[in-house]
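A.B. asks: My structure is in start06.tsv, and what it holds is TSV, C-alpha atoms:
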chain	number	residue	atom	x	y	z
A	24	MET	CA	-50.39	67.24	207.18
A	25	PHE	CA	-52.17	70.04	205.42
A	26	ARG	CA	-55.81	70.36	206.37
A	27	PRO	CA	-57.92	72.53	204.07
A	28	MET	CA	-60.05	75.08	205.86
A	29	ARG	CA	-63.71	74.98	205.04
A	30	PHE	CA	-65.53	78.22	204.53
A	31	ASN	CA	-69.16	78.76	205.34
A	32	SER	CA	-71.37	81.75	205.98
A	33	SER	CA	-70.47	81.81	209.68
A	34	ASN	CA	-66.77	82.43	209.12
A	35	LEU	CA	-67.14	84.90	206.25
A	36	SER	CA	-67.45	88.49	207.29
A	37	LEU	CA	-68.28	91.69	205.49
A	38	LYS	CA	-66.11	93.63	207.94
A	39	ARG	CA	-62.68	94.87	206.94
A	40	PRO	CA	-59.90	92.50	207.97
A	41	THR	CA	-57.93	93.59	211.00
A	42	ALA	CA	-54.75	92.39	212.71
A	43	VAL	CA	-56.92	90.88	215.44
A	44	GLY	CA	-58.98	89.09	212.81
A	45	ALA	CA	-55.82	87.77	211.17
A	46	THR	CA	-54.43	86.45	214.45
A	47	ASP	CA	-57.77	84.87	215.31
A	48	PHE	CA	-57.71	83.17	211.91
A	49	LEU	CA	-54.18	81.89	212.50
A	50	ARG	CA	-55.03	80.64	216.01
A	51	ARG	CA	-57.82	78.44	214.63
A	52	ASP	CA	-55.36	76.20	212.78
A	53	ASP	CA	-52.81	74.29	214.89
A	54	LYS	CA	-49.94	74.55	212.41
A	55	MET	CA	-50.54	78.23	211.75
A	56	ALA	CA	-50.92	78.94	215.46
A	57	ALA	CA	-47.41	77.58	216.00
A	58	LEU	CA	-46.09	80.42	213.81
A	59	LEU	CA	-47.70	83.19	215.85
A	60	PRO	CA	-44.96	83.53	218.51
A	61	ALA	CA	-42.29	83.83	215.80
A	62	ILE	CA	-44.36	86.38	213.88
A	63	GLU	CA	-44.99	88.43	217.03
A	64	ARG	CA	-41.29	88.25	217.96
A	65	MET	CA	-40.19	89.48	214.51
A	66	ALA	CA	-42.79	92.28	214.56
A	67	SER	CA	-41.57	93.35	217.99
A	68	LEU	CA	-37.94	93.33	216.82
A	69	GLN	CA	-38.90	95.38	213.73
A	70	ARG	CA	-40.63	97.94	215.99
A	71	ASP	CA	-37.61	98.14	218.31
A	72	CYS	CA	-35.23	98.60	215.36
A	73	ALA	CA	-37.48	101.31	213.94
A	74	ALA	CA	-37.54	103.05	217.32
A	75	ALA	CA	-33.72	102.95	217.45
A	76	LEU	CA	-33.17	104.30	213.93
A	77	PRO	CA	-36.52	105.65	212.67
A	78	ALA	CA	-35.27	107.39	209.52
A	79	MET	CA	-33.44	104.31	208.25
A	80	PHE	CA	-35.95	101.64	209.19
A	81	GLN	CA	-38.60	103.30	207.08
A	82	TYR	CA	-37.10	101.30	204.20
A	83	VAL	CA	-35.24	98.48	206.00
A	84	GLU	CA	-36.79	95.14	206.90
A	85	ILE	CA	-35.64	92.23	208.99
A	86	LEU	CA	-34.98	89.10	206.97
A	87	SER	CA	-34.03	86.85	209.89
A	88	PHE	CA	-32.84	86.77	213.47
A	89	GLU	CA	-31.28	83.48	214.51
A	90	GLU	CA	-28.56	82.65	217.03
A	91	GLY	CA	-27.83	86.31	217.70
A	92	GLN	CA	-27.37	87.16	214.01
A	93	LEU	CA	-29.67	89.87	212.68
A	94	VAL	CA	-29.98	89.97	208.89
A	95	LEU	CA	-31.43	93.16	207.42
A	96	ALA	CA	-32.58	93.97	203.90
A	97	THR	CA	-31.85	97.43	202.51
A	98	PRO	CA	-33.19	98.74	199.19
A	99	ASN	CA	-29.85	100.14	198.01
A	100	ALA	CA	-26.12	100.23	198.71
A	101	ALA	CA	-26.18	103.86	199.86
A	102	LEU	CA	-28.63	103.10	202.65
A	103	ALA	CA	-26.67	99.97	203.55
A	104	ALA	CA	-23.50	102.07	203.92
A	105	LYS	CA	-25.28	104.58	206.17
A	106	LEU	CA	-26.84	101.80	208.22
A	107	LYS	CA	-23.48	100.05	208.62
A	108	GLN	CA	-22.21	103.15	210.40
A	109	GLN	CA	-25.18	102.99	212.78
A	110	VAL	CA	-24.88	99.27	213.64
A	111	PRO	CA	-23.19	99.88	217.04
A	112	LYS	CA	-25.98	102.28	218.06
A	113	LEU	CA	-28.59	99.78	216.86
A	114	GLN	CA	-27.00	96.90	218.77
A	115	ASP	CA	-26.71	99.01	221.93
A	116	THR	CA	-30.35	100.12	221.76
A	117	LEU	CA	-31.56	96.58	221.08
A	118	ALA	CA	-29.46	95.23	223.98
A	119	ARG	CA	-31.12	97.73	226.33
A	120	ARG	CA	-34.49	96.45	225.09
A	121	GLY	CA	-33.55	92.83	225.83
A	122	TRP	CA	-32.41	91.61	222.40
A	123	GLN	CA	-29.09	89.74	222.27
A	124	VAL	CA	-27.76	90.80	218.88
A	125	GLU	CA	-24.20	89.57	218.43
A	126	GLY	CA	-23.88	90.54	214.77
A	127	VAL	CA	-25.70	92.40	212.03
A	128	LYS	CA	-25.51	91.47	208.36
A	129	LEU	CA	-26.83	93.72	205.62
A	130	ARG	CA	-28.19	92.55	202.28
A	131	VAL	CA	-29.03	94.91	199.48
A	132	GLN	CA	-32.31	93.78	198.00
A	133	MET	CA	-35.51	95.52	197.21
A	134	VAL	CA	-38.04	94.50	199.85
A	135	LYS	CA	-40.59	97.24	199.51
A	136	ALA	CA	-40.83	100.17	197.19
A	137	ALA	CA	-38.61	102.96	198.35
A	138	GLU	CA	-40.21	106.19	197.39
A	139	ILE	CA	-37.27	108.44	197.98
A	140	LYS	CA	-37.95	111.51	195.92
A	141	GLU	CA	-36.44	114.89	196.40
A	142	GLN	CA	-39.01	117.61	196.15
A	143	MET	CA	-38.39	120.15	193.44
A	144	ARG	CA	-38.50	123.78	194.45
A	145	ALA	CA	-40.95	125.88	192.54
A	146	LEU	CA	-38.92	128.65	190.98
A	147	SER	CA	-40.59	131.92	190.26
A	148	LEU	CA	-39.37	135.01	188.50
A	149	PRO	CA	-40.49	138.51	189.35
A	150	GLU	CA	-42.30	140.34	186.57
A	151	ALA	CA	-39.28	142.64	186.09
A	152	ALA	CA	-37.12	139.60	185.25
A	153	VAL	CA	-39.74	138.23	182.84
A	154	ALA	CA	-39.92	141.64	181.17
A	155	ALA	CA	-36.13	141.74	180.87
A	156	PHE	CA	-36.07	138.28	179.22
A	157	ASP	CA	-38.87	139.41	176.89
A	158	GLU	CA	-36.90	142.50	175.92
A	159	LEU	CA	-33.75	140.40	175.39
A	160	GLY	CA	-35.69	138.05	173.09
A	161	HIS	CA	-36.81	141.01	170.97
A	162	THR	CA	-33.46	142.83	170.89
A	163	LEU	CA	-31.16	139.91	170.04
A	164	GLU	CA	-29.91	139.93	166.48
A	165	GLN	CA	-31.90	137.52	164.27
A	166	THR	CA	-29.15	135.06	163.29
A	167	SER	CA	-29.09	131.29	162.95
A	168	GLN	CA	-26.91	131.13	166.06
A	169	ASN	CA	-29.43	133.12	168.14
A	170	ALA	CA	-32.58	131.46	166.76
A	171	GLY	CA	-32.74	128.71	169.41
A	172	LEU	CA	-32.10	131.15	172.25
A	173	ILE	CA	-34.71	133.61	170.99
A	174	GLU	CA	-37.29	130.83	170.65
A	175	ALA	CA	-36.53	129.54	174.16
A	176	LEU	CA	-36.82	133.04	175.64
A	177	GLN	CA	-40.16	133.61	173.93
A	178	ARG	CA	-41.53	130.25	175.18
A	179	MET	CA	-40.34	130.95	178.73
A	180	VAL	CA	-41.85	134.45	178.77
A	181	ALA	CA	-45.17	133.15	177.41
A	182	ARG	CA	-45.23	130.34	179.98
A	183	ARG	CA	-44.44	132.70	182.89
A	184	ARG	CA	-47.06	135.21	181.83
A	185	GLN	CA	-49.71	132.48	181.56
A	186	GLY	CA	-48.94	131.44	185.14
A	187	GLY	CA	-47.47	128.08	184.17
A	188	GLY	CA	-44.40	128.45	186.35
Kindly return the structure encoded in the file as structure tokens.
C.D. replies:
Amino acid sequence: MFRPMRFNSSNLSLKRPTAVGATDFLRRDDKMAALLPAIERMASLQRDCAAALPAMFQYVEILSFEEGQLVLATPNAALAAKLKQQVPKLQDTLARRGWQVEGVKLRVQMVKAAEIKEQMRALSLPEAAVAAFDELGHTLEQTSQNAGLIEALQRMVARRRQGGG
């Protein structure tokens, strides 16, 4: 039966919540305390998986682990395909750490935001190249076909000379 927790000034704190504070909170309630071993077990398994394949488990989370079946959530199919190739290594590493993983299932579903962004290189042109583009913009014949190119060259030269990249 659900028992509402009563709050009073003695159990409210101005301190930042911590993992220890959260576990202490859970231990105070009998039903919640029964979940602690399962939570600690899943957290330990997540840490061991991350130690086995650190680059992949940055975005992968464990959905369940029951009867030797490990179910993992991946944010996209590409990562799932890469992880599928690494399943034997993962199972071997987990077995050495005491986990009896008989099978691994992968599910593609967004669990947490995957911020996978490739960094753009900052391209720079030497002043001689900027000067050559400037000269080209001034020497091209003024035709309707060249108008867009001339305008683009002038904008690029102006931007490069202002230091805007």
A.B. asks: To one decimal in Å, tell me the separation between CA of Phe156 (chain A) and CA of Ile173 (chain A).
C.D. replies: 9.6 Å
A.B. asks: Counting all atoms listed in the file, what is within 9 Å of Leu68 (chain A), bar same-chain residues fewer than 4 positions away, as a list in words?
C.D. replies: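 Final neighbour list, sorted by chain and number: Glu63, Arg64, Cys72, Ala73, Ile85, Phe88, Leu117 and Trp122 of chain A.
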A.B. asks: Find the distance between CA of Val83 (chain A) and CA of Val131 (chain A) and write it in Å to one decimal.
C.D. replies: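 Taking CA of Val83 (chain A) and CA of Val131 (chain A), their separation equals 9.7 Å.
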A.B. asks: Taking 4 positions as the minimum chain separation for residues in the same chain, which residues sit within 12 Å of Ser87 (chain A) when counting all atoms listed in the file? Answer as number ranges by chain.
C.D. replies: A: 61-62, 64-66, 68-69, 91-96, 124, 126-130
A.B. asks: Near Gln109 (chain A), within 12 Å and counting all atoms listed in the file, which residues show up once chain neighbours fewer than 5 positions away are dropped, as an MDAnalysis selection string?
C.D. replies: chainID A and resid 72 75:80 102:104 114:116 127 129
A.B. asks: Enter the distance from CA of Ala74 (chain A) to CA of Ala101 (chain A), in Å, rounded to one decimal.
C.D. replies: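 Separating CA of Ala74 (chain A) from CA of Ala101 (chain A) is a distance of 20.8 Å.
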A.B. asks: From the list A:Leu86, A:Val110, A:Ala175, A:Leu59, which residue is nearest His161 (chain A) when using all atoms listed in the file?
C.D. replies: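 Among the listed residues, A:Ala175 lies closest to His161 (chain A).
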A.B. asks: For region 81-109 of chain A, supply N, CA and C atoms and report the output as a short mmCIF file (atom, residue, chain, number, x, y, z; two decimals), in the coordinates of the input.
C.D. replies:
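Result saved to rebuild.cif:
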data_model
loop_
_atom_site.label_atom_id
_atom_site.label_comp_id
_atom_site.auth_asym_id
_atom_site.auth_seq_id
_atom_site.Cartn_x
_atom_site.Cartn_y
_atom_site.Cartn_z
N GLN A 81 -37.43 103.06 207.92
CA GLN A 81 -38.60 103.30 207.08
C GLN A 81 -38.52 102.41 205.85
N TYR A 82 -37.29 102.08 205.41
CA TYR A 82 -37.10 101.30 204.20
C TYR A 82 -36.39 99.97 204.44
N VAL A 83 -35.98 99.69 205.68
CA VAL A 83 -35.24 98.48 206.00
C VAL A 83 -36.17 97.48 206.65
N GLU A 84 -35.99 96.20 206.29
CA GLU A 84 -36.79 95.14 206.90
C GLU A 84 -35.89 94.03 207.41
N ILE A 85 -36.38 93.35 208.42
CA ILE A 85 -35.64 92.23 208.99
C ILE A 85 -35.92 90.99 208.14
N LEU A 86 -34.84 90.36 207.71
CA LEU A 86 -34.98 89.10 206.97
C LEU A 86 -34.98 87.91 207.92
N SER A 87 -34.07 87.94 208.91
CA SER A 87 -34.03 86.85 209.89
C SER A 87 -33.31 87.30 211.14
N PHE A 88 -33.55 86.56 212.22
CA PHE A 88 -32.84 86.77 213.47
C PHE A 88 -32.71 85.41 214.14
N GLU A 89 -31.54 84.81 213.96
CA GLU A 89 -31.28 83.48 214.51
C GLU A 89 -29.91 83.44 215.14
N GLU A 90 -29.82 82.84 216.31
CA GLU A 90 -28.56 82.65 217.03
C GLU A 90 -27.78 83.95 217.16
N GLY A 91 -28.47 85.03 217.46
CA GLY A 91 -27.83 86.31 217.70
C GLY A 91 -27.45 87.08 216.44
N GLN A 92 -27.71 86.50 215.27
CA GLN A 92 -27.37 87.16 214.01
C GLN A 92 -28.62 87.80 213.40
N LEU A 93 -28.57 89.11 213.26
CA LEU A 93 -29.67 89.87 212.68
C LEU A 93 -29.33 90.16 211.22
N VAL A 94 -30.20 89.74 210.31
CA VAL A 94 -29.98 89.97 208.89
C VAL A 94 -31.04 90.97 208.42
N LEU A 95 -30.56 92.08 207.85
CA LEU A 95 -31.43 93.16 207.42
C LEU A 95 -31.38 93.34 205.92
N ALA A 96 -32.50 93.68 205.33
CA ALA A 96 -32.58 93.97 203.90
C ALA A 96 -32.67 95.47 203.71
N THR A 97 -31.80 96.01 202.84
CA THR A 97 -31.85 97.43 202.51
C THR A 97 -32.12 97.56 201.01
N PRO A 98 -32.83 98.61 200.61
CA PRO A 98 -33.19 98.74 199.19
C PRO A 98 -32.05 99.16 198.28
N ASN A 99 -30.97 99.71 198.86
CA ASN A 99 -29.85 100.14 198.01
C ASN A 99 -28.55 100.18 198.80
N ALA A 100 -27.45 100.26 198.09
CA ALA A 100 -26.12 100.23 198.71
C ALA A 100 -25.86 101.49 199.54
N ALA A 101 -26.40 102.61 199.12
CA ALA A 101 -26.18 103.86 199.86
C ALA A 101 -26.78 103.77 201.26
N LEU A 102 -28.00 103.25 201.34
CA LEU A 102 -28.63 103.10 202.65
C LEU A 102 -27.91 102.05 203.48
N ALA A 103 -27.43 101.00 202.84
CA ALA A 103 -26.67 99.97 203.55
C ALA A 103 -25.40 100.56 204.15
N ALA A 104 -24.72 101.43 203.42
CA ALA A 104 -23.50 102.07 203.92
C ALA A 104 -23.80 102.96 205.12
N LYS A 105 -24.89 103.72 205.04
CA LYS A 105 -25.28 104.58 206.17
C LYS A 105 -25.66 103.73 207.38
N LEU A 106 -26.40 102.66 207.13
CA LEU A 106 -26.84 101.80 208.22
C LEU A 106 -25.65 101.10 208.87
N LYS A 107 -24.67 100.72 208.08
CA LYS A 107 -23.48 100.05 208.62
C LYS A 107 -22.80 100.92 209.66
N GLN A 108 -22.80 102.22 209.44
CA GLN A 108 -22.21 103.15 210.40
C GLN A 108 -23.01 103.22 211.69
N GLN A 109 -24.30 102.90 211.62
CA GLN A 109 -25.18 102.99 212.78
C GLN A 109 -25.38 101.66 213.50
#
